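Here's the structure we're looking at; comments come further down.
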Amino acid sequence: MAAVADKSGEAALVAAAANDKNSLVVETPKSESKEFNVQNLVDMFTKLNPLAKEFFPSSYQQNQTKNDGKFNQRRNNSNQGRRRLNGKAFRAQRDDSIRQTVYVSDIDQNVTEEQLAGLFSNCGQVVDCRVCGDPHSVLRFAFVEFADEEGARAALNLNGIMLGFYPVRVLPSKTAILPVNPTFLPRSEDEREMCTRTVYCTNIDKKVSQAEVKNFFESACGEVTRLRLLGDNVHSTRIAFVEFAMAESAIVALNCSGMVLGTQPLRVSPSKTPVRPRVARPTLV
């Protein structure tokens with residue numbers, strides 16, 4: 001009879017739970033029942049933060065720190081590897097350019113870059129030619145870069161050849177030609193014509209004004225139509241692009257290399273870029 005009574009008691013509890021889904025009856029060893037509202041339990045659990053540190057063992061945090069450190073180390077090593085690769089690629093490209101370049105000196109003032117490039121084009125494809133003024137000589141020097149090393153080696157055979165009124169010297173170059181920003185190069189036939197009337201002047205004394213630079217070149221060479229004087233707080237001297245009204249004046253200006261303006265001897269070279277008019281900025285109303 002006791003067994004039957006226990007079973008009937010369990011059945012009663014099950015039936016009560018089925019009738020009231022929002023209540024839970026717990027029977028203690030002392031047959032004491034406590035009723036807890038299920039909704040209250042749900043509210044309690046939803047307020048807990050599963051990411052709080054008390055929910056994780058201390059070993060997890062240590063392992064996570066080690067993993068983060070390994071990941072950051074791998075990432076740093078990867079970035080350093082890319083930087084080393086980029087640096088090596090740059091140095092390799094620069095070394096190739098040096099081997100493909102020759103240094104030409106004792107160039108007549110009347111020889112243009114086009115004439116010089118035409119002379120060396122018989123040795124191979126010329127990809128760049130840069131004539132520079134020498135402040136210590138009336139003659140000029142240049143760098144001529146070829147598409148390959150074979151062209152540069154062939155160009156060495158032109159050492160001593162007459163170009164203009166002087167024999168030029170041709171030697172292997174120790175430096176590569178610094179490329180010109182493509183956005184500064186002439187974009188039209190008119191701008192190419194402007195380049196023939198423009199010179200690039202460096203080593204200008206910082207105390208010399210733009211008006212003094214203009215007066216210097218106009219008195220020695222001819223009418224200046226446009227002049228751009230540039231400088232910064234890093235370099236001790238400034239540079240200028242001087243555009244003349246006549247191409248002949250630009251040729252004469254090349255002879256000004258070595259002349260002192262202010263306290264510095266000028267260095268004058270043909271310009272590869274035109275002096276573009278400044279774009280007027282819109283005024284705020």
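Letters A, B, ... go to the chains of the structure tokens in the order shown; residues in each chain start at 1; ligands are counted from 1 in the same order.
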
For Arg140 in chain A, list every protein, DNA or RNA residue within 8 Å, evaluated using only C-alpha atoms, and leave out those in the same chain fewer than 2 positions away; present the list as number ranges by chain.
-> A: 105-109, 131-134, 137-138, 142

How would you write, as JSON, numbers by chain, the set of residues in range 131-274 of chain A that DSSP gives as strand (DSSP E)?
-> {"A": [131, 132, 133, 140, 141, 142, 143, 144, 145, 146, 162, 163, 166, 167, 169, 170, 171, 172, 198, 199, 200, 201, 202, 203, 204, 205, 224, 225, 226, 227, 228, 229, 230, 237, 238, 239, 240, 241, 242, 243, 244, 260, 261, 264, 265, 267, 268, 269, 270]}

Could you work out how far CA of Ala117 in chain A lies from CA of Arg187 in chain A, giving the answer in Å with one decimal?
->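 These two atoms are separated by 20.6 Å.
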
What's the 10 Å shell around range 208-221 of chain A, counting only C-alpha atoms, without same-chain residues fewer than 4 positions away, as a ChimeraX atom specification?
-> /A:201,204,225-230,237-238,240,242-244,246,248-256,261-264

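In terms of minimum interatomic distance to Gln125 in chain A, A:Glu145 ranks closest within A:Glu223, A:Glu145, A:Asp95, A:Asp190, counting only C-alpha atoms.
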
Work out how far apart CA of Phe165 in chain A and CA of Leu119 in chain A are and give it in Å to one decimal.
-> 14.7 Å

Within 9 Å of Ala176 in chain A, counting only C-alpha atoms, which residues show up once you throw out same-chain ones fewer than 2 positions away? Write them as a count of residues only, please.
-> 14

How far is it from CA of Glu114 in chain A to CA of Gly231 in chain A, in Å with one decimal?
->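 So the two atoms, CA of Glu114 in chain A and CA of Gly231 in chain A, lie 29.2 Å apart.
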
Identify which of the residues A:Asn110, A:Tyr103, A:Thr273, A:Glu149 lies closest to Leu171 in chain A, counting only C-alpha atoms when measuring atom-to-atom distances.
-> A:Tyr103
